$ cat protein-v3.txt   # compact mmCIF, C-alpha atoms
# COMPACT_ATOMS: atom_id res chain seq x y z
CA MET A 522 8.60 -7.56 -33.11
CA LEU A 523 9.18 -5.90 -29.70
CA GLU A 524 5.86 -4.08 -30.03
CA LYS A 525 4.05 -7.39 -30.62
CA ILE A 526 5.72 -8.90 -27.55
CA ASN A 527 4.63 -5.88 -25.46
CA ILE A 528 1.05 -6.15 -26.70
CA PHE A 529 1.03 -9.90 -25.94
CA GLN A 530 2.46 -9.25 -22.44
CA LYS A 531 -0.11 -6.54 -21.67
CA THR A 532 -2.97 -8.75 -22.90
CA THR A 533 -1.73 -11.73 -20.87
CA ASP A 534 -1.37 -9.54 -17.76
CA TRP A 535 -4.86 -8.09 -18.24
CA ILE A 536 -6.42 -11.57 -18.53
CA CYS A 537 -4.48 -12.98 -15.55
CA ASN A 538 -5.34 -9.98 -13.36
CA LYS A 539 -9.04 -10.20 -14.26
CA ILE A 540 -9.09 -13.91 -13.40
CA GLU A 541 -7.21 -13.33 -10.14
CA LEU A 542 -9.51 -10.47 -9.08
CA TYR A 543 -12.60 -12.53 -9.90
CA CYS A 544 -11.38 -15.68 -8.14
CA ARG A 545 -10.47 -13.70 -5.00
CA GLY A 546 -13.81 -11.88 -4.96
CA VAL A 547 -12.17 -8.46 -5.20
CA VAL A 548 -14.67 -5.61 -5.60
CA TYR A 549 -13.24 -2.85 -7.80
CA GLY A 550 -14.51 0.33 -9.39
CA LYS A 551 -14.29 1.94 -12.80
CA ARG A 552 -11.11 2.44 -14.81
CA LEU A 553 -8.83 0.25 -12.69
CA GLN A 554 -5.40 0.14 -14.35
CA ILE A 555 -2.93 -2.57 -13.42
CA LYS A 556 0.32 -2.37 -15.36
CA GLY A 557 2.04 -5.69 -14.84
CA ARG A 558 0.74 -8.63 -12.85
CA LEU A 559 -0.72 -8.17 -9.36
CA LEU A 560 0.05 -10.78 -6.70
CA LEU A 561 -2.76 -11.50 -4.22
CA GLN A 562 -2.41 -13.69 -1.11
CA GLY A 563 -4.99 -14.72 1.47
CA ARG A 564 -8.77 -14.78 1.46
CA GLY A 565 -9.56 -11.49 3.18
CA LYS A 566 -11.81 -8.81 1.68
CA ILE A 567 -10.35 -6.35 -0.86
CA GLU A 568 -12.20 -3.27 -2.14
CA ILE A 569 -10.69 -0.94 -4.74
CA GLY A 570 -12.28 2.36 -5.78
CA ASP A 571 -12.48 4.20 -9.11
CA ASP A 572 -9.53 5.43 -11.18
CA VAL A 573 -6.89 3.45 -9.28
CA THR A 574 -3.51 2.84 -10.95
CA ILE A 575 -1.24 0.01 -9.85
CA TYR A 576 2.25 -0.55 -11.28
CA SER A 577 3.41 -4.12 -10.84
CA ARG A 578 6.31 -4.77 -13.22
CA TYR A 579 9.88 -3.47 -13.13
CA THR A 580 9.69 -2.48 -16.81
CA VAL A 581 6.85 -0.06 -15.97
CA ASN A 582 8.79 1.66 -13.17
CA PRO A 583 12.24 0.13 -12.61
CA ILE A 584 12.96 1.96 -9.33
CA GLY A 585 10.25 0.18 -7.37
CA GLY A 586 11.09 -3.49 -7.53
CA ASN A 587 9.22 -6.23 -9.29
CA ARG A 588 5.58 -6.61 -8.16
CA THR A 589 2.75 -5.16 -6.16
CA VAL A 590 1.58 -7.60 -3.50
CA PHE A 591 -1.64 -7.52 -1.46
CA GLN A 592 -1.54 -10.05 1.39
CA VAL A 593 -4.96 -9.98 3.04
CA MET A 594 -5.24 -12.85 5.48
CA GLY A 595 -8.19 -14.49 7.24
CA GLU A 596 -10.97 -12.02 8.00
CA ALA A 597 -8.80 -8.96 7.29
CA ASN A 598 -9.86 -6.04 5.08
CA LEU A 599 -7.99 -3.93 2.56
CA LYS A 600 -9.87 -0.88 1.32
CA ILE A 601 -8.38 1.37 -1.36
CA GLY A 602 -10.19 4.60 -2.21
CA ASN A 603 -10.59 6.54 -5.46
CA ARG A 604 -7.75 7.99 -7.53
CA VAL A 605 -5.04 6.12 -5.63
CA GLY A 606 -1.72 5.48 -7.36
CA MET A 607 0.90 2.95 -6.29
CA SER A 608 4.05 1.41 -7.68
CA HIS A 609 5.45 -1.96 -6.59
CA VAL A 610 3.87 -1.66 -3.14
CA ILE A 611 3.59 -4.46 -0.58
CA ILE A 612 0.55 -4.31 1.71
CA ALA A 613 0.05 -6.90 4.45
CA ALA A 614 -3.39 -6.72 6.06
CA HIS A 615 -3.98 -9.20 8.87
CA ASN A 616 -6.44 -6.80 10.53
CA ARG A 617 -7.40 -3.76 8.42
CA VAL A 618 -5.62 -1.39 6.06
CA GLU A 619 -7.50 1.58 4.63
CA ILE A 620 -6.10 3.90 1.99
CA GLU A 621 -8.39 6.87 1.40
CA ASP A 622 -8.92 8.89 -1.80
CA ASP A 623 -6.13 10.68 -3.69
CA VAL A 624 -3.25 8.90 -1.93
CA LEU A 625 0.05 8.26 -3.70
CA LEU A 626 2.20 5.34 -2.57
CA GLY A 627 5.77 5.63 -3.85
CA ALA A 628 7.87 2.92 -5.40
CA GLY A 629 8.64 0.03 -3.10
CA CYS A 630 6.85 1.28 0.02
CA LYS A 631 5.48 -1.26 2.47
CA ILE A 632 2.41 -1.11 4.72
CA PHE A 633 2.10 -3.74 7.47
CA ASP A 634 -0.68 -3.89 10.07
CA THR A 635 0.98 -6.87 11.77
CA ASP A 636 4.23 -7.91 13.42
CA PHE A 637 3.97 -11.21 11.43
CA HIS A 638 5.67 -13.10 14.29
CA PRO A 639 5.34 -12.95 18.09
CA LEU A 640 7.87 -10.68 19.80
CA ASP A 641 8.09 -13.06 22.75
CA TYR A 642 10.87 -15.62 22.21
CA LEU A 643 8.99 -18.71 23.46
CA SER A 644 5.84 -17.83 21.52
CA ARG A 645 7.93 -17.28 18.42
CA ILE A 646 9.84 -20.57 18.51
CA GLN A 647 6.64 -22.48 19.35
CA GLY A 648 4.85 -20.89 16.39
CA ASP A 649 2.10 -19.37 18.55
CA ASP A 650 0.39 -17.11 16.00
CA LYS A 651 -2.20 -16.04 18.59
CA ALA A 652 0.53 -13.92 20.19
CA VAL A 653 1.09 -11.90 17.01
CA LYS A 654 0.07 -8.26 17.46
CA THR A 655 -1.96 -6.49 14.78
CA ALA A 656 -3.57 -3.04 14.63
CA PRO A 657 -5.36 -1.19 11.79
CA VAL A 658 -3.51 1.21 9.50
CA CYS A 659 -5.19 4.21 7.86
CA ILE A 660 -3.65 6.51 5.25
CA LYS A 661 -5.93 9.49 4.95
CA LYS A 662 -7.01 11.51 1.95
CA GLY A 663 -4.33 13.17 -0.14
CA ALA A 664 -1.33 11.73 1.72
CA PHE A 665 1.88 10.92 -0.15
CA VAL A 666 4.13 8.09 1.01
CA GLY A 667 7.62 8.26 -0.50
CA ALA A 668 9.65 5.46 -2.06
CA ASP A 669 10.71 2.59 0.19
CA ALA A 670 8.93 4.00 3.26
CA LEU A 671 7.69 1.48 5.84
CA ILE A 672 4.36 2.06 7.60
CA LEU A 673 3.89 -0.16 10.65
CA LYS A 674 0.86 -1.46 12.55
CA GLY A 675 -1.53 0.93 14.29
CA VAL A 676 -0.41 3.99 12.32
CA THR A 677 -2.71 6.69 10.95
CA ILE A 678 -1.21 9.10 8.44
CA GLY A 679 -3.10 12.38 8.37
CA GLU A 680 -4.69 14.14 5.42
CA GLN A 681 -2.24 15.57 2.90
CA SER A 682 0.76 14.54 5.00
CA VAL A 683 3.98 13.52 3.29
CA ILE A 684 6.23 10.65 4.35
CA GLY A 685 9.82 10.93 3.15
CA ALA A 686 11.59 8.23 1.17
CA GLY A 687 12.91 5.41 3.33
CA ALA A 688 11.10 6.59 6.47
CA VAL A 689 10.00 4.08 9.10
CA VAL A 690 6.69 5.26 10.56
CA THR A 691 5.80 3.79 13.95
CA GLY A 692 3.44 6.49 15.29
CA ASN A 693 0.50 8.57 14.11
CA VAL A 694 1.19 11.44 11.73
CA PRO A 695 -1.09 14.51 12.08
CA ASP A 696 -2.72 16.19 9.09
CA GLY A 697 -0.50 18.35 6.90
CA GLU A 698 2.93 17.38 8.22
CA VAL A 699 6.12 16.14 6.56
CA TRP A 700 7.80 13.23 8.35
CA ALA A 701 11.13 11.58 7.57
CA GLY A 702 13.81 9.40 9.14
CA ASN A 703 14.05 6.18 11.15
CA PRO A 704 12.09 6.34 13.32
CA ALA A 705 10.15 8.98 11.41
CA ARG A 706 9.76 12.40 13.01
CA CYS A 707 8.07 15.63 11.94
CA VAL A 708 10.53 17.71 9.92
CA ARG A 709 8.11 20.49 9.08
CA LYS A 710 4.47 21.43 8.85
CA LYS A 711 3.11 21.95 5.36
CA LYS A 712 1.63 25.30 4.50
CA THR A 713 -2.05 25.25 3.73
CA ARG A 714 -3.09 26.37 0.29
CA THR A 715 -4.24 29.71 1.73
CA GLU A 716 -0.94 30.29 3.58
CA ALA A 717 1.05 29.49 0.43
CA LEU A 718 -0.79 32.27 -1.45
CA ILE A 719 0.01 34.94 1.14
$ encode --input "protein-v3.txt" --output "structure tokens"
Amino acid sequence: MLEKINIFQKTTDWICNKIELYCRGVVYGKRLQIKGRLLLQGRGKIEIGDDVTIYSRYTVNPIGGNRTVFQVMGEANLKIGNRVGMSHVIIAAHNRVEIEDDVLLGAGCKIFDTDFHPLDYLSRIQGDDKAVKTAPVCIKKGAFVGADALILKGVTIGEQSVIGAGAVVTGNVPDGEVWAGNPARCVRKKKTRTEALI
């Protein structure tokens, strides 16, 4: 009986995700796997590459929360490259978020290219959304963002860099470095593949 329920759930999720992707005009590549139900908000442009895996149900990976959410507002863009894996991730793109090829986004991490609200008190209480600051975020090829990390507006994470679990990243991360903490700082430089063999 449980197996039939699981098959029904997977089929329902697959149909709902296909409808949602179609209705939102999402362009996606080959072999997209969404395990659970994806939540999409906004009318911005979303592009997803080949061989992308998205976990979006707590029964698939219970450590990451409940759903993966893509909030892409107005004229914003979210671009996800090839062979990207993510689990219960929240991405808010009010400007532009780009995730390059071979990136792993750990359970429950969040990527925001916006402050959401003005920092100025008067602007905030008056609801002046024009005062909200946004800046593009880019996570470069082969980077790994650990569970529950928070990537804030204007940040570029370098190629093959690693962001520790729970880190709050407010500045650019060079290629091949490991960053951790709040605010995140470099804790060590990764060895290149050649250095590791010596």
$ closest_residue --input "protein-v3.txt" --among "A:Asp641, A:Asp623, A:Asp636, A:Glu698" --to "Gly663 of chain A" --atoms "only C-alpha atoms"
A:Asp623
$ closest_residue --input "protein-v3.txt" --among "A:Gly557, A:Gly648, A:Gly629, A:Gly685" --to "Lys539 of chain A" --atoms "all atoms listed in the file"
A:Gly557
$ closest_residue --input "protein-v3.txt" --among "A:Val683, A:Met607, A:Val694, A:Ile555" --to "Gly627 of chain A" --atoms "all atoms listed in the file"
A:Met607
$ closest_residue --input "protein-v3.txt" --among "A:Pro704, A:Gly697, A:Gly565, A:Pro583" --to "Gly546 of chain A" --atoms "only C-alpha atoms"
A:Gly565
$ closest_residue --input "protein-v3.txt" --among "A:Thr635, A:Thr691, A:Asn538, A:Asn527" --to "Val593 of chain A" --atoms "all atoms listed in the file"
A:Thr635
$ atom_distance --input "protein-v3.txt" --atom1 "atom CA of Lys600 of chain A" --atom2 "atom CA of Arg545 of chain A"
14.3 Å
$ closest_residue --input "protein-v3.txt" --among "A:Gly563, A:Gly675, A:Pro657, A:Gly570" --to "Asn693 of chain A" --atoms "only C-alpha atoms"
A:Gly675
$ residues_around --input "protein-v3.txt" --residues "Ile536 of chain A" --least-positions-apart "6" --cutoff "12 Å" --atoms "all atoms listed in the file" --output "ChimeraX atom specification"
/A:529-530,542-543,555-559
$ atom_distance --input "protein-v3.txt" --atom1 "atom CA of Ala597 of chain A" --atom2 "atom CA of Thr533 of chain A"
29.2 Å
$ atom_distance --input "protein-v3.txt" --atom1 "atom CA of Ala664 of chain A" --atom2 "atom CA of Val676 of chain A"
13.2 Å
$ residues_near_point --input "protein-v3.txt" --point "(-6.0, -9.3, -5.3)" --cutoff "8 Å" --atoms "all atoms listed in the file" --output "PyMOL selection string"
chain A and resi 541-542+545+547+559-562+567+590-591
$ residues_near_point --input "protein-v3.txt" --point "(-5.0, 7.6, -6.5)" --cutoff "6 Å" --atoms "all atoms listed in the file" --output "PyMOL selection string"
chain A and resi 573+603-606+623-625
$ residues_around --input "protein-v3.txt" --residues "Val708 of chain A" --least-positions-apart "5" --cutoff "10 Å" --atoms "only C-alpha atoms" --output "number ranges by chain"
A: 684-685, 698-702
